[in-house]
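Before any comments, here is the structure.
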Amino acid sequence: MIKADFESFEKNAHPLIIERAKNGSPTALEANASGDSLGNHLGTFPLHSKYNPEREAQQLISNFSAETHQAAVFICCGLGYAPLAFVKKYPDVPIIILEPNPVYLLQAFAVLDWKPILTHENVTIVVQAPLDITQSILSQYKSSTLHVFSIPSQTAHCKEYAENIKSILKKNEQKENINTNTLEKFSHLWLRNSCRNLRNIEVLDGIQKFAGLNQKLTQQLPFIVLAAGPSLETILPHLAELQKRSITVCVDTALHSCLAYGIEPDFIILVDPQYACAMHLEFLSAPHSILVAESAVWPSVFRFQCKEIVLCSSMFPIGQYFEKQLGQKGKLGAGGSVSTTAWDFARICGARSIYMAGMDLGFPGKQTHIRGSQFEERAHRIASRLYSSETQSIQALMNACPSYALDYNGNRLLTDKRMSLFSWWFETNCQQAEQKGIKTYSLTKESLAIKNIQSADVSELLSLPDLTEQKKQFFHIAESITEKKQETHFEAVYNSFIANLETLDACAKKGLSLCNKAIKNRLKAQQVFQELSALDAKILNSEAKDAASLVFPTEHKIKELTKDLPQEPQLKSLYYSKIIYTELSKAIQEYRKNLSATKFSNF
């Protein structure tokens, strides 16, 4: 890239004033757009060192660690000294440059030679992009693996943008931590449930048959998502009339309350594998409802008395393995709350208007759930004199960093950190949906006010004509759709999976033996490393490796297991590999245990 004449930028550049640093390199001052009384621009603060901007950039990037970070993010970068220094020092590390104002970037291009950045093999420059697009780019990496460079003077022209980016990264990291903790706590449960329910992947239809159906109707139907927040009580008295004018999608936690009003929702969503969630259906039946479940839910869920059970695509590796062979069911979004999954189901069905009811994401009146829900009933069942239901309620309110936000009436609402993550999921996804013509509303004004979800009055829906015939048409079309079954049968997939696990286990045990051999006789270490490389390639190409990862230790656990390794590099590598092969073999043994305990009729 040819640099423009330096002197011309000294006089005419805007918005940055270009000057020379003490070492002769160009540096920049943020220009005051209003200028002085004579119309001259005033430099308000420097973006780089006035003495040696190159050395300053070197010091800035010295904090980067290639061992702990996978990529570097520059939120604005002035003239570009820091990313230029970075690509020179770390030519193989991906970089992402974010700049909301293209004028700043164009001026940087003209002052410095950006060719090393623009010819970098893995560079992403995001210019004037909406936050949701920026977020999708950043989400390609774990937030904990991103090193963020953000200099206050260089982000002064876009303070709000810079804060939004940092907020996105922070929430991403919180979500990743929650996912890691959840995986460590529940992975063995997910495996056990998945193994017991494998046959259902072949037998049951998927949600695919409802995809886009609403848009095939002569008159499209609104969808109402019924969540179990305390404010749902204000909607329940109207539910019988609302069901004549909409398709109702009920989360598992709200089913008891709906049935208490004599209403069987059109769809019930239950995707959480925990036993406590299966209890939400205990002693209940809904013969006119369709249950949407995940293949890893507690097995008793599949005995629920309803019109039909359909599956969404599994979130877990073993289910994904079998679906790949037997046919996909249809993916649903997972934002940490069943309400997010219910909303996404309505979107997939082709809803253009989605109304949320009882999705409070907070505690109106200091209540955690609607009265009569299984949460409240359970609190009463296990209550004692020393552990009352009120004590349980206070614990639920205070356990997740409580804070205050506003509801749709502008009143203060007690919420917490978990709820803010769910709110952020809705804010992002509802914005993307609105760009495609899908609008989301809240029927309960006591709920947390979420950007991109508007408040709506229940009277708006009640004023609609009776749409019962359109609903019949919706379900008639769905019933007429016969899913195309794969030619591959369950037994063949099952036997193939077992064979792949056996091969993977043989590789793990051979790797373990090779590591022990090299540890005992270091003279053979070089030959062992070559054999281990070939073995690792075979493991990475295994079709069962992803399934085994479900109960393989998380990155956090691996760090704990390997924290006391020898410091000598070769020995450290051998002991590290030994731990990995050991844990892989353990994971496969757990699969064997759960699969052998599962009885299939044709085996």
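Note on naming: chains are A, B, ... as they come in the structure tokens, residues start from 1 per chain, ligands start from 1 in the order shown.
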Let's see if you can do this: from backbone DSSP, list all alpha helix (DSSP H) residues in range 71-109 of chain A, as a PDB file with N, CA, C and O atoms, in the first residue's frame.
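And here is the file that came out, states.pdb:
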```pdb
ATOM      1  N   TYR A  81      -0.803   1.193  14.892  1.00  0.00           N
ATOM      2  CA  TYR A  81       0.518   0.747  15.340  1.00  0.00           C
ATOM      3  C   TYR A  81       0.450  -0.606  16.061  1.00  0.00           C
ATOM      4  O   TYR A  81       1.285  -1.487  15.827  1.00  0.00           O
ATOM      5  N   ALA A  82      -0.540  -0.769  16.944  1.00  0.00           N
ATOM      6  CA  ALA A  82      -0.614  -2.007  17.733  1.00  0.00           C
ATOM      7  C   ALA A  82      -0.886  -3.238  16.868  1.00  0.00           C
ATOM      8  O   ALA A  82      -0.159  -4.235  16.975  1.00  0.00           O
ATOM      9  N   PRO A  83      -1.906  -3.237  15.999  1.00  0.00           N
ATOM     10  CA  PRO A  83      -2.099  -4.431  15.158  1.00  0.00           C
ATOM     11  C   PRO A  83      -0.934  -4.689  14.204  1.00  0.00           C
ATOM     12  O   PRO A  83      -0.630  -5.844  13.892  1.00  0.00           O
ATOM     13  N   LEU A  84      -0.257  -3.635  13.743  1.00  0.00           N
ATOM     14  CA  LEU A  84       0.912  -3.828  12.884  1.00  0.00           C
ATOM     15  C   LEU A  84       2.033  -4.536  13.643  1.00  0.00           C
ATOM     16  O   LEU A  84       2.681  -5.451  13.124  1.00  0.00           O
ATOM     17  N   ALA A  85       2.243  -4.115  14.884  1.00  0.00           N
ATOM     18  CA  ALA A  85       3.268  -4.765  15.708  1.00  0.00           C
ATOM     19  C   ALA A  85       2.855  -6.203  16.025  1.00  0.00           C
ATOM     20  O   ALA A  85       3.691  -7.113  16.074  1.00  0.00           O
ATOM     21  N   PHE A  86       1.551  -6.404  16.198  1.00  0.00           N
ATOM     22  CA  PHE A  86       1.052  -7.730  16.579  1.00  0.00           C
ATOM     23  C   PHE A  86       1.258  -8.742  15.453  1.00  0.00           C
ATOM     24  O   PHE A  86       1.743  -9.852  15.683  1.00  0.00           O
ATOM     25  N   VAL A  87       0.866  -8.381  14.218  1.00  0.00           N
ATOM     26  CA  VAL A  87       0.984  -9.346  13.117  1.00  0.00           C
ATOM     27  C   VAL A  87       2.447  -9.666  12.809  1.00  0.00           C
ATOM     28  O   VAL A  87       2.758 -10.748  12.291  1.00  0.00           O
ATOM     29  N   LYS A  88       3.336  -8.733  13.138  1.00  0.00           N
ATOM     30  CA  LYS A  88       4.761  -8.985  12.923  1.00  0.00           C
ATOM     31  C   LYS A  88       5.281 -10.000  13.949  1.00  0.00           C
ATOM     32  O   LYS A  88       6.057 -10.901  13.615  1.00  0.00           O
ATOM     33  N   LYS A  89       4.830  -9.858  15.200  1.00  0.00           N
ATOM     34  CA  LYS A  89       5.310 -10.739  16.273  1.00  0.00           C
ATOM     35  C   LYS A  89       4.576 -12.076  16.273  1.00  0.00           C
ATOM     36  O   LYS A  89       5.150 -13.119  16.586  1.00  0.00           O
ATOM     37  N   PRO A 102     -15.880   4.424   9.689  1.00  0.00           N
ATOM     38  CA  PRO A 102     -14.931   4.122   8.607  1.00  0.00           C
ATOM     39  C   PRO A 102     -13.962   5.249   8.306  1.00  0.00           C
ATOM     40  O   PRO A 102     -12.871   5.009   7.780  1.00  0.00           O
ATOM     41  N   VAL A 103     -14.326   6.484   8.642  1.00  0.00           N
ATOM     42  CA  VAL A 103     -13.446   7.626   8.360  1.00  0.00           C
ATOM     43  C   VAL A 103     -12.130   7.470   9.111  1.00  0.00           C
ATOM     44  O   VAL A 103     -11.048   7.756   8.577  1.00  0.00           O
ATOM     45  N   TYR A 104     -12.202   7.005  10.370  1.00  0.00           N
ATOM     46  CA  TYR A 104     -10.987   6.812  11.161  1.00  0.00           C
ATOM     47  C   TYR A 104     -10.101   5.755  10.508  1.00  0.00           C
ATOM     48  O   TYR A 104      -8.880   5.904  10.449  1.00  0.00           O
ATOM     49  N   LEU A 105     -10.712   4.689  10.032  1.00  0.00           N
ATOM     50  CA  LEU A 105      -9.944   3.611   9.429  1.00  0.00           C
ATOM     51  C   LEU A 105      -9.313   4.055   8.114  1.00  0.00           C
ATOM     52  O   LEU A 105      -8.149   3.751   7.829  1.00  0.00           O
ATOM     53  N   LEU A 106     -10.054   4.820   7.313  1.00  0.00           N
ATOM     54  CA  LEU A 106      -9.518   5.298   6.041  1.00  0.00           C
ATOM     55  C   LEU A 106      -8.329   6.226   6.246  1.00  0.00           C
ATOM     56  O   LEU A 106      -7.349   6.195   5.505  1.00  0.00           O
ATOM     57  N   GLN A 107      -8.432   7.057   7.282  1.00  0.00           N
ATOM     58  CA  GLN A 107      -7.311   7.954   7.550  1.00  0.00           C
ATOM     59  C   GLN A 107      -6.092   7.172   8.020  1.00  0.00           C
ATOM     60  O   GLN A 107      -4.952   7.481   7.645  1.00  0.00           O
ATOM     61  N   ALA A 108      -6.320   6.113   8.813  1.00  0.00           N
ATOM     62  CA  ALA A 108      -5.203   5.270   9.250  1.00  0.00           C
ATOM     63  C   ALA A 108      -4.547   4.583   8.052  1.00  0.00           C
ATOM     64  O   ALA A 108      -3.322   4.485   7.977  1.00  0.00           O
ATOM     65  N   PHE A 109      -5.380   4.124   7.100  1.00  0.00           N
ATOM     66  CA  PHE A 109      -4.840   3.503   5.886  1.00  0.00           C
ATOM     67  C   PHE A 109      -3.911   4.463   5.137  1.00  0.00           C
ATOM     68  O   PHE A 109      -2.876   4.057   4.591  1.00  0.00           O
TER      69      PHE A 109
END
```
Could you go through range 54-183 of chain A and tell me which residues DSSP, when run on the backbone, assigns to strand (DSSP E), listing them as a VMD selection string? chain A and resid 71 to 75 95 to 99 123 to 127 146 to 149
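Those residues that approach range 584-591 of chain A to within 6 Å, counting only C-alpha atoms, are Asp505, Ala508, Val551, Phe552 and Leu595 of chain A; same-chain residues fewer than 4 positions away are not listed.
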Kindly export the residues of the current selection with all heavy atoms, as a PDB file, in the first residue's frame.
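Now in selection-v6.pdb:
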```
ATOM      1  N   ASP A 505     -11.195 -46.831  21.912  1.00  0.00           N
ATOM      2  CA  ASP A 505     -10.644 -47.318  23.179  1.00  0.00           C
ATOM      3  C   ASP A 505      -9.305 -48.013  22.949  1.00  0.00           C
ATOM      4  O   ASP A 505      -8.366 -47.856  23.744  1.00  0.00           O
ATOM      5  CB  ASP A 505     -11.639 -48.283  23.831  1.00  0.00           C
ATOM      6  CG  ASP A 505     -11.259 -48.610  25.265  1.00  0.00           C
ATOM      7  OD1 ASP A 505     -10.682 -47.729  25.932  1.00  0.00           O
ATOM      8  OD2 ASP A 505     -11.528 -49.731  25.717  1.00  0.00           O
ATOM      9  N   ALA A 508      -6.728 -45.374  22.625  1.00  0.00           N
ATOM     10  CA  ALA A 508      -6.410 -44.760  23.920  1.00  0.00           C
ATOM     11  C   ALA A 508      -5.490 -45.664  24.741  1.00  0.00           C
ATOM     12  O   ALA A 508      -4.514 -45.193  25.345  1.00  0.00           O
ATOM     13  CB  ALA A 508      -7.704 -44.475  24.680  1.00  0.00           C
ATOM     14  N   VAL A 551     -18.512 -36.946  28.145  1.00  0.00           N
ATOM     15  CA  VAL A 551     -18.067 -37.211  29.514  1.00  0.00           C
ATOM     16  C   VAL A 551     -16.551 -37.128  29.634  1.00  0.00           C
ATOM     17  O   VAL A 551     -15.962 -37.598  30.611  1.00  0.00           O
ATOM     18  CB  VAL A 551     -18.575 -38.591  30.004  1.00  0.00           C
ATOM     19  CG1 VAL A 551     -20.042 -38.525  30.355  1.00  0.00           C
ATOM     20  CG2 VAL A 551     -18.320 -39.679  28.963  1.00  0.00           C
ATOM     21  N   PHE A 552     -15.916 -36.545  28.623  1.00  0.00           N
ATOM     22  CA  PHE A 552     -14.484 -36.264  28.715  1.00  0.00           C
ATOM     23  C   PHE A 552     -14.322 -34.998  29.554  1.00  0.00           C
ATOM     24  O   PHE A 552     -15.144 -34.087  29.475  1.00  0.00           O
ATOM     25  CB  PHE A 552     -13.906 -36.057  27.319  1.00  0.00           C
ATOM     26  CG  PHE A 552     -12.407 -35.969  27.279  1.00  0.00           C
ATOM     27  CD1 PHE A 552     -11.645 -37.124  27.330  1.00  0.00           C
ATOM     28  CD2 PHE A 552     -11.769 -34.747  27.199  1.00  0.00           C
ATOM     29  CE1 PHE A 552     -10.257 -37.055  27.287  1.00  0.00           C
ATOM     30  CE2 PHE A 552     -10.388 -34.658  27.167  1.00  0.00           C
ATOM     31  CZ  PHE A 552      -9.628 -35.818  27.214  1.00  0.00           C
ATOM     32  N   LEU A 595     -24.571 -48.228  27.891  1.00  0.00           N
ATOM     33  CA  LEU A 595     -25.174 -48.917  26.749  1.00  0.00           C
ATOM     34  C   LEU A 595     -25.499 -50.367  27.083  1.00  0.00           C
ATOM     35  O   LEU A 595     -26.512 -50.905  26.639  1.00  0.00           O
ATOM     36  CB  LEU A 595     -24.241 -48.848  25.538  1.00  0.00           C
ATOM     37  CG  LEU A 595     -24.128 -47.469  24.879  1.00  0.00           C
ATOM     38  CD1 LEU A 595     -22.971 -47.442  23.882  1.00  0.00           C
ATOM     39  CD2 LEU A 595     -25.425 -47.085  24.183  1.00  0.00           C
TER      40      LEU A 595
END
```
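You can rank A:Gln454, A:Ser139, A:Thr598, A:Ser313 by their closest distance to Gln208 in chain A using only C-alpha atoms, and at the top of that list sits A:Ser313.
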Can you list, as a PyMOL selection string, every protein, DNA or RNA residue that comes within 7 Å of Val297 in chain A when you count only C-alpha atoms, leaving out same-chain residues fewer than 5 positions away? chain A and resi 193+271-274
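Of the residues under consideration (A:Gln128, A:Asn594, A:Gln215, A:Asn429), A:Asn594 shows the shortest atom-to-atom contact distance to Asn197 in chain A when counting only C-alpha atoms.
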What does the distance from CA of Leu239 in chain A to CA of Ala227 in chain A come to in Å, to one decimal? 12.9 Å
Which one is closest to Ser314 in chain A: A:Lys329, A:Arg55, A:Lys593, A:His476? Count only C-alpha atoms. A:Lys329
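Interatomic distance, CA of Ala544 in chain A to CA of Phe186 in chain A: 20.2 Å.
Here CA of Leu464 in chain A and CA of Gln435 in chain A stand 25.0 Å from one another.
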